[in-house]
Amino acid sequence: NILFIKCFMILLISCITIRLNFSLSSIHFSLKSLPIEGNFSFDELDLKNAARDFGNRYRSHPMTVLHPKSVSDIAVTVKHVWSLGPSSELTVAARGHGHSLQGQAQAHGGIVINMESLKVEEIKVYGGEFPYVDVSGGDLWINVLNETLKYGLAPRSWTDYLHLTVGGTLSNAGVSGQAFRHGPQISNVLKMEIVTGTGEVVNCSEKQNNELFYSVLGGLGQFGIITKARIKLEPAPVMVKWIRVLYSDFTAFTRDQEQLIFAEKAFDYIEGFVIKNRTGLVNNWRLSFNPQDPVQASKFKSDGRTLFCLELAKYFNLEESSEVNQEVEKHLSHLNYIQSTIFQTEVTYIDFLDRVHISEVKLRSKGLWDVPHPWLNLFIPKSKIHNFADTVFGNIVKETSNGPILIYPVNKSKWDERTSVVIPDEDIFYLVAFLASAIPSSNGGEGLEHILSQNKRILEYCEREDLGVKQYLAHYSTQEEWQTHYGPKWEIFKQRKSIYDPLAILAPGQGIFQKSI
Ligand code: FAD
């Protein structure tokens, strides 16, 4: 009897394996026979790359990677997956530059579309009174900048790092120090071309198919693949005056930040960061910034202290230099920073915008770029930022050597409520970003477990105190958690999904919807 059961089991397993292999090879075959200009890659290295991201913690291997040459390649592929119906488990993830943190651009056993292969057309710049640029969803922002600068123009709103794709940041929001004035990147889009979850190619804008337009902006890749986008431009400056000043008083720091985001022509970029228990901070800065008062600045000690750095930038052209200096002096004179801690430098506009890339090159050379990045990004209502700071910077975070903690306010009025992004319900809210790298302790860093447990304590505190915090670049494991994240927006989010991607084929790595089987 036992022998019989054993034989039966072996037969059953063999049958299942043969069936699986058969259905896998039939899917391979059907993909390979699609009429596309690009190609499907089944190469191990390609699959391995598509299973990784900047966060360096989550790995899901796809079945194949599509390198599209045209929008039609993407549409044909998605349409094919759609035609397989709900019984197929195949999903599709657009992958920008793979700079997600927790597998958001991955597709377990599915198709990853390498958006950077999509070179629809050249980046096209249009001048005139309301200039704009047409780009591919897979273009890197650094390339968009380089191209638009040839015409003396540039996008108005940025991320701190430019080696990210247009489609990737528009699927999130795209927030940086210009957002207080121009809103996030998703507030600076005029129109898009989208491949929906049924494989339709649809143009959309505020006036045309606007439900799809707003769904996709900040939509975490759930409603369609951005193949083209039209982005607003402004005249680009040549130079940037870049200023850092320090505060020890959090109230003075936030009061000045909040005052500055309403001062119309004061600064073009406003950010800030927290410094906790750093040795030799000012000396480090002196490598790239000049202290206004070198003697006093050299006496300033950051050791053992919690400090808040206000970071400002003013754009200018060379002929405006002295005028701009006076204006900057005037605005600085109204601020309440520690007088001996004013540091300034002047850099080209492109060096300013591409500043994080300089750090990337340095970190790469030390093997410290491809480490786990357990980042935590929060939007915090202004009314709760002091409570948050007291507990989090006062008790939970002991030092900031793992990576920067950014903190700066933005105006809700510059965010469009019709988009899919979720923000706190207050006129001003803060972006607080804990950008930690889990560097091996042999290099003086904190381990991954330590950083994750710190993040957990921060989130638990926010929840316990009901601070009305929303996570940015969030990652949840259950749909209930997503529902809580979206709050009143959940129903419309779900409804939009049922219209534009009814089988839940797209962006499975976000873990919001399961493909219906
Ligand atoms: P991916 O990580 O490849 O994709 C992100 C998500 O979008 C995935 O779900 C993917 O499926 C989907 N997606 C990708 N392309 C498309 C497309 N064409 N159409 C539809 N969906 C698509 N963010 C900020 O807002 N401000 C910052 O200052 C900032 N700084 C950063 C600095 C660094 C060093 C890094 C690594 C990230 C930073 N980010 C910042 C976060 C960044 O915006 C997101 O990680 C973004 O997802 C990265 O873009 P990506 O092109 O690599 O997209």
# chains A, B, ... in the order shown; residues from 1 in each chain; ligands from 1

$ residues_around --residues "A:Ile194" --least-positions-apart "5" --cutoff "6 Å" --atoms "only C-alpha atoms" --output "mmCIF file with C-alpha atoms, in the first residue's frame"
data_model
loop_
_atom_site.group_PDB
_atom_site.id
_atom_site.type_symbol
_atom_site.label_atom_id
_atom_site.label_comp_id
_atom_site.auth_asym_id
_atom_site.auth_seq_id
_atom_site.Cartn_x
_atom_site.Cartn_y
_atom_site.Cartn_z
ATOM 1 C CA VAL A 201 -3.437 53.743 -25.662
ATOM 2 C CA VAL A 202 -5.174 56.847 -24.322
ATOM 3 C CA GLY A 224 -1.811 52.696 -16.606
ATOM 4 C CA ILE A 225 1.714 52.941 -17.909
ATOM 5 C CA ILE A 226 2.901 56.470 -18.649
ATOM 6 C CA THR A 227 4.487 56.318 -22.082
#

$ residues_near_ligand --ligand "ligand 1" --cutoff "6 Å" --atoms "only C-alpha atoms and all ligand atoms" --output "PyMOL selection string"
chain A and resi 54+93-100+104-105+137-138+159-161+164-165+167-169+171+173-176+220-221+224-227+507+510

$ closest_residue --among "A:Lys232, A:Lys497, A:Arg255, A:Ser437" --to "A:Asp370" --atoms "only C-alpha atoms"
A:Ser437

$ residues_around --residues "A:Val65" --least-positions-apart "4" --cutoff "9 Å" --atoms "only C-alpha atoms" --output "ChimeraX atom specification"
/A:39-43,46-47,50,110-114

$ write_last_selection --atoms "N, CA and C atoms" --output "PDB file, in the first residue's frame"
ATOM      1  N   ASN A  39      12.130  43.434 -27.671  1.00  0.00           N
ATOM      2  CA  ASN A  39      12.256  41.991 -27.426  1.00  0.00           C
ATOM      3  C   ASN A  39      11.975  41.622 -25.962  1.00  0.00           C
ATOM      4  N   PHE A  40      11.582  40.368 -25.790  1.00  0.00           N
ATOM      5  CA  PHE A  40      11.439  39.812 -24.442  1.00  0.00           C
ATOM      6  C   PHE A  40      12.752  39.146 -24.097  1.00  0.00           C
ATOM      7  N   SER A  41      13.281  39.464 -22.911  1.00  0.00           N
ATOM      8  CA  SER A  41      14.533  38.838 -22.516  1.00  0.00           C
ATOM      9  C   SER A  41      14.247  37.814 -21.413  1.00  0.00           C
ATOM     10  N   PHE A  42      14.834  36.629 -21.565  1.00  0.00           N
ATOM     11  CA  PHE A  42      14.708  35.599 -20.526  1.00  0.00           C
ATOM     12  C   PHE A  42      16.084  35.358 -19.913  1.00  0.00           C
ATOM     13  N   ASP A  43      16.994  36.290 -20.197  1.00  0.00           N
ATOM     14  CA  ASP A  43      18.368  36.185 -19.738  1.00  0.00           C
ATOM     15  C   ASP A  43      18.423  36.302 -18.206  1.00  0.00           C
ATOM     16  N   ASP A  46      19.341  39.697 -16.714  1.00  0.00           N
ATOM     17  CA  ASP A  46      18.262  40.675 -16.901  1.00  0.00           C
ATOM     18  C   ASP A  46      17.167  40.464 -15.845  1.00  0.00           C
ATOM     19  N   LEU A  47      16.816  39.185 -15.631  1.00  0.00           N
ATOM     20  CA  LEU A  47      15.763  38.858 -14.661  1.00  0.00           C
ATOM     21  C   LEU A  47      16.218  39.238 -13.258  1.00  0.00           C
ATOM     22  N   ALA A  50      15.978  42.961 -12.756  1.00  0.00           N
ATOM     23  CA  ALA A  50      14.586  43.399 -12.614  1.00  0.00           C
ATOM     24  C   ALA A  50      14.009  42.985 -11.261  1.00  0.00           C
ATOM     25  N   GLY A 110       6.055  37.570 -13.367  1.00  0.00           N
ATOM     26  CA  GLY A 110       5.344  38.319 -14.401  1.00  0.00           C
ATOM     27  C   GLY A 110       6.286  38.964 -15.413  1.00  0.00           C
ATOM     28  N   ILE A 111       5.786  40.035 -16.027  1.00  0.00           N
ATOM     29  CA  ILE A 111       6.560  40.743 -17.054  1.00  0.00           C
ATOM     30  C   ILE A 111       6.984  42.094 -16.488  1.00  0.00           C
ATOM     31  N   VAL A 112       8.284  42.352 -16.506  1.00  0.00           N
ATOM     32  CA  VAL A 112       8.765  43.683 -16.127  1.00  0.00           C
ATOM     33  C   VAL A 112       9.077  44.428 -17.422  1.00  0.00           C
ATOM     34  N   ILE A 113       8.540  45.646 -17.538  1.00  0.00           N
ATOM     35  CA  ILE A 113       8.830  46.440 -18.744  1.00  0.00           C
ATOM     36  C   ILE A 113       9.928  47.443 -18.414  1.00  0.00           C
ATOM     37  N   ASN A 114      11.036  47.292 -19.079  1.00  0.00           N
ATOM     38  CA  ASN A 114      12.158  48.197 -18.842  1.00  0.00           C
ATOM     39  C   ASN A 114      11.896  49.512 -19.587  1.00  0.00           C
TER      40      ASN A 114
END

$ residues_around --residues "A:Lys228" --least-positions-apart "3" --cutoff "6 Å" --atoms "only C-alpha atoms" --output "PDB file with N, CA and C atoms, in the first residue's frame"
ATOM      1  N   VAL A 135       8.275  64.358 -23.277  1.00  0.00           N
ATOM      2  CA  VAL A 135       9.283  63.341 -22.945  1.00  0.00           C
ATOM      3  C   VAL A 135       8.639  61.963 -22.941  1.00  0.00           C
ATOM      4  N   SER A 136       9.508  60.958 -22.936  1.00  0.00           N
ATOM      5  CA  SER A 136       9.015  59.583 -22.824  1.00  0.00           C
ATOM      6  C   SER A 136       8.903  59.250 -21.327  1.00  0.00           C
ATOM      7  N   GLY A 137       7.993  58.352 -20.988  1.00  0.00           N
ATOM      8  CA  GLY A 137       7.837  57.961 -19.579  1.00  0.00           C
ATOM      9  C   GLY A 137       9.108  57.354 -19.009  1.00  0.00           C
ATOM     10  N   MET A 192      -0.600  63.528 -20.843  1.00  0.00           N
ATOM     11  CA  MET A 192       0.141  62.258 -20.836  1.00  0.00           C
ATOM     12  C   MET A 192      -0.468  61.311 -21.860  1.00  0.00           C
ATOM     13  N   GLU A 193       0.360  60.351 -22.264  1.00  0.00           N
ATOM     14  CA  GLU A 193      -0.143  59.221 -23.052  1.00  0.00           C
ATOM     15  C   GLU A 193      -0.007  57.999 -22.150  1.00  0.00           C
TER      16      GLU A 193
END

$ select_by_dssp --residues "stretch 207-361 of chain A" --states "strand (DSSP E or B)" --output "ChimeraX atom specification"
/A:224-235,239-247,269-276,290-291,306-316,343-348
